[in-house]
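Student: Sharing target-v4.csv below, CSV, C-alpha atoms:
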```csv
chain,number,residue,atom,x,y,z
A,1,MET,CA,0.0,0.0,0.0
A,2,ASP,CA,1.4,3.3,-1.1
A,3,ILE,CA,1.3,5.6,2.0
A,4,ARG,CA,0.8,8.9,0.1
A,5,SER,CA,-1.9,7.4,-2.1
A,6,ALA,CA,-3.7,6.0,1.0
A,7,GLU,CA,-3.7,9.5,2.7
A,8,ILE,CA,-5.2,11.1,-0.5
A,9,GLU,CA,-7.8,8.3,-0.8
A,10,ILE,CA,-8.9,8.5,2.8
A,11,ALA,CA,-9.1,12.3,2.6
A,12,ALA,CA,-11.2,12.1,-0.6
A,13,PHE,CA,-13.6,9.6,1.0
A,14,LEU,CA,-14.1,11.8,4.1
A,15,ALA,CA,-14.6,14.9,1.9
A,16,GLY,CA,-17.3,13.2,0.0
A,17,LYS,CA,-19.1,12.2,3.2
A,18,LEU,CA,-18.8,15.6,5.0
A,19,GLY,CA,-19.9,17.9,2.2
A,20,GLU,CA,-19.4,21.6,1.7
A,21,GLY,CA,-17.7,23.8,4.2
A,22,TYR,CA,-15.3,21.3,5.5
A,23,ASP,CA,-11.7,21.2,4.2
A,24,VAL,CA,-10.4,17.7,4.1
A,25,LEU,CA,-6.8,17.1,2.9
A,26,ALA,CA,-3.9,14.8,3.0
A,27,LEU,CA,-1.0,16.2,5.0
A,28,PRO,CA,0.3,19.0,2.7
A,29,GLU,CA,4.0,19.4,1.7
A,30,LYS,CA,4.2,23.0,3.0
A,31,GLN,CA,3.3,24.2,6.5
A,32,SER,CA,1.8,27.3,5.0
A,33,ASP,CA,-0.8,25.1,3.2
A,34,TYR,CA,-1.8,23.5,6.5
A,35,GLU,CA,-2.2,26.9,8.2
A,36,LYS,CA,-4.8,28.3,5.6
A,37,PRO,CA,-8.0,29.5,7.2
A,38,PHE,CA,-11.1,27.3,7.0
A,39,LEU,CA,-14.9,27.9,7.4
A,40,LYS,CA,-16.6,25.1,9.4
A,41,GLY,CA,-13.8,22.6,10.1
A,42,ARG,CA,-10.7,21.0,8.7
A,43,LEU,CA,-9.6,17.4,8.7
A,44,THR,CA,-6.0,16.5,7.8
A,45,VAL,CA,-5.1,12.8,7.1
A,46,ALA,CA,-1.5,11.9,7.9
A,47,PHE,CA,0.4,8.6,8.0
A,48,ALA,CA,1.6,8.1,11.6
A,49,GLY,CA,3.5,4.8,11.6
A,50,GLU,CA,3.7,1.2,10.7
A,51,LYS,CA,4.2,-1.9,12.9
A,52,PRO,CA,5.3,-5.2,11.3
A,53,GLU,CA,4.1,-8.6,12.4
A,54,MET,CA,6.3,-11.7,12.3
A,55,PRO,CA,7.3,-12.9,8.8
A,56,GLN,CA,5.1,-15.6,7.4
A,57,SER,CA,7.5,-17.4,5.0
A,58,THR,CA,10.8,-19.3,5.1
A,59,PHE,CA,11.7,-18.5,1.5
A,60,GLN,CA,10.7,-15.0,0.4
A,61,VAL,CA,9.7,-12.7,3.2
A,62,SER,CA,6.1,-11.6,3.4
A,63,GLN,CA,4.6,-10.0,6.5
A,64,HIS,CA,1.5,-8.2,7.5
A,65,VAL,CA,1.9,-4.7,8.8
A,66,LYS,CA,-0.4,-2.4,10.7
A,67,GLN,CA,-0.4,1.1,9.3
A,68,THR,CA,-1.7,3.9,11.5
A,69,TYR,CA,-3.3,7.0,10.0
A,70,THR,CA,-4.1,10.1,12.2
A,71,ILE,CA,-7.0,12.3,11.4
A,72,SER,CA,-6.4,15.8,12.8
A,73,VAL,CA,-9.9,17.3,13.3
A,74,GLN,CA,-10.1,21.1,13.8
A,75,SER,CA,-13.2,23.2,14.4
A,76,ARG,CA,-14.0,26.7,15.5
A,77,PHE,CA,-17.0,25.4,17.4
A,78,LEU,CA,-17.1,23.4,20.6
A,79,ASN,CA,-20.9,22.7,20.3
A,80,SER,CA,-22.9,21.9,17.2
A,81,MET,CA,-25.1,24.5,15.6
A,82,PRO,CA,-27.9,24.0,13.0
A,83,ASP,CA,-25.5,24.0,10.0
A,84,VAL,CA,-22.1,23.2,11.6
A,85,PHE,CA,-20.8,20.3,13.6
A,86,GLY,CA,-19.0,21.1,16.9
A,87,ILE,CA,-15.7,19.4,17.5
A,88,GLY,CA,-17.3,16.4,19.4
A,89,LYS,CA,-19.9,15.7,16.7
A,90,LEU,CA,-17.4,16.1,13.9
A,91,CYS,CA,-15.1,13.5,15.6
A,92,ASP,CA,-18.1,11.2,16.0
A,93,LYS,CA,-18.8,11.6,12.3
A,94,VAL,CA,-15.2,10.8,11.3
A,95,LYS,CA,-15.3,7.6,13.4
A,96,ALA,CA,-18.7,6.5,11.9
A,97,TYR,CA,-17.4,7.0,8.4
A,98,LEU,CA,-13.9,5.4,8.7
A,99,ILE,CA,-14.7,2.4,10.9
A,100,GLY,CA,-15.0,-0.4,8.3
A,101,TYR,CA,-13.7,1.8,5.4
A,102,GLN,CA,-11.2,-0.2,3.2
A,103,PRO,CA,-8.5,1.7,1.4
A,104,THR,CA,-7.0,0.2,-1.7
A,105,ASP,CA,-4.6,-2.7,-0.9
A,106,GLY,CA,-5.5,-2.5,2.8
A,107,GLY,CA,-7.8,-4.2,5.2
A,108,LEU,CA,-10.9,-2.7,6.9
A,109,MET,CA,-10.0,0.4,9.0
A,110,TYR,CA,-10.6,0.3,12.7
A,111,TYR,CA,-10.5,3.0,15.4
A,112,VAL,CA,-7.7,2.8,18.0
A,113,ASN,CA,-7.3,6.2,19.8
A,114,HIS,CA,-8.9,9.7,20.2
A,115,GLU,CA,-7.1,12.5,22.0
A,116,PHE,CA,-7.7,16.2,22.6
A,117,VAL,CA,-4.7,18.1,21.2
A,118,ARG,CA,-5.2,21.7,22.0
A,119,TYR,CA,-7.4,24.8,21.9
A,120,GLU,CA,-5.5,27.7,20.4
A,121,GLY,CA,-6.5,30.9,18.5
A,122,GLY,CA,-10.2,29.9,18.7
A,123,VAL,CA,-9.7,26.5,17.1
A,124,TRP,CA,-10.3,23.2,18.8
A,125,GLU,CA,-8.1,20.3,17.7
A,126,HIS,CA,-8.5,16.6,18.3
A,127,ALA,CA,-6.5,13.6,16.8
A,128,ILE,CA,-8.2,10.3,16.0
A,129,ASP,CA,-6.1,7.3,15.1
A,130,PHE,CA,-7.2,4.5,12.8
A,131,GLU,CA,-5.3,1.3,11.8
A,132,THR,CA,-5.5,-0.9,8.7
A,133,LYS,CA,-3.5,-4.0,7.8
A,134,THR,CA,-1.6,-4.5,4.6
A,135,LEU,CA,1.0,-7.0,3.3
A,136,ARG,CA,4.6,-6.3,2.6
A,137,VAL,CA,6.4,-8.7,0.3
A,138,GLN,CA,10.1,-9.1,-0.5
A,139,GLU,CA,11.0,-7.7,-3.9
A,140,ASP,CA,12.1,-10.4,-6.3
A,141,ASN,CA,15.6,-9.2,-6.9
A,142,LEU,CA,17.3,-12.5,-7.5
A,143,GLU,CA,20.1,-12.4,-10.0
A,144,GLU,CA,19.6,-14.0,-13.4
A,145,GLU,CA,21.1,-17.5,-13.7
A,146,THR,CA,24.3,-17.6,-15.6
A,147,GLY,CA,24.5,-21.3,-16.3
A,148,ALA,CA,22.3,-23.8,-18.2
A,149,PRO,CA,19.2,-25.0,-16.3
A,150,LEU,CA,19.5,-28.3,-14.4
A,151,SER,CA,18.3,-31.3,-16.4
A,152,SER,CA,18.4,-33.8,-13.5
A,153,VAL,CA,19.2,-34.1,-9.8
A,154,SER,CA,20.6,-37.2,-8.1
A,155,LEU,CA,20.7,-37.8,-4.4
A,156,ASN,CA,23.0,-40.3,-2.8
A,157,GLU,CA,22.2,-41.0,0.9
A,158,THR,CA,23.5,-43.7,3.2
A,159,PHE,CA,21.7,-44.8,6.3
A,160,VAL,CA,23.4,-46.6,9.1
```
Take the structure in the file and write it out as structure tokens.
Tutor:
Amino acid sequence: MDIRSAEIEIAAFLAGKLGEGYDVLALPEKQSDYEKPFLKGRLTVAFAGEKPEMPQSTFQVSQHVKQTYTISVQSRFLNSMPDVFGIGKLCDKVKAYLIGYQPTDGGLMYYVNHEFVRYEGGVWEHAIDFETKTLRVQEDNLEEETGAPLSSVSLNETFV
């Protein structure tokens, strides 16, 4: 699973669910893009880490990994109003939308953590973590054979 593609895909999915007035983006390259003003709320999707499980093969390595994506949720409102979600309701919506969502090449997403980050400059910010599993497989970088292919194999064993 390509991390940047997953961030963009998750952001697009959330943007489609939340509708107008909410800025939803994958973590931007420049800090200045992250600091742009928003109307109702902003959600930023960012890859937060990856934890590998034990390898599953004795020949080529393949292993499942848990990828964590953090959704930074920002709102100017603590409580909901008729046309705007407060920070708590916005966080609940994010959980409802992403629990069970399946990004390309990943497993179903599940919720693992929710924390208050800060209140600064009239903006409430929370962080919600979700995990998904994907598979990492060893690249097939074996060198090409230089000799002729084997035509037969003989085995001589002696048992005592």
Student: Box in all listed atoms of range 37-48 of chain A, axis-aligned, with 6 Å more on each side; write out centre and edge lengths in Å to one decimal as JSON.
Tutor:
```
{"center_x": -7.5, "center_y": 18.8, "center_z": 9.3, "size_x": 30.2, "size_y": 33.4, "size_z": 16.6}
```
Student: What is the distance between CA of Val94 in chain A and CA of Ile8 in chain A, in Å to one decimal?
Tutor: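 Computed distance, CA of Val94 in chain A to CA of Ile8 in chain A, equals 15.5 Å.
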Student: Here is a test: counting all atoms listed in the file, which residue of A:Lys93, A:Ala46, A:Asp105, A:Gln63 is nearest to Asp129 in chain A?
Tutor: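 Result for the nearest residue to Asp129 in chain A: A:Ala46.
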Student: Check the smallest atom-to-atom distance from each of A:Val61, A:Cys91, A:Ala48, A:Ile71 to Ala11 in chain A using all atoms listed in the file, then report the winner.
Tutor: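 Using all atoms listed in the file, the shortest distance to Ala11 in chain A belongs to A:Ile71.
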Student: Quote the spacing between CA of Glu131 in chain A and CA of Ala12 in chain A in Å to one decimal place.
Tutor: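 Computed distance, CA of Glu131 in chain A to CA of Ala12 in chain A, equals 17.5 Å.
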Student: Could you check the closest approach to Arg136 in chain A for each of A:Pro82, A:Pro103, A:Gly121, A:Pro55 and tell me which residue wins, using all atoms listed in the file?
Tutor: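 Among the listed residues, A:Pro55 lies closest to Arg136 in chain A.
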Student: In Å, how far is it from CA of Met81 in chain A to CA of Tyr22 in chain A?
Tutor: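 So the answer is 14.4 Å.
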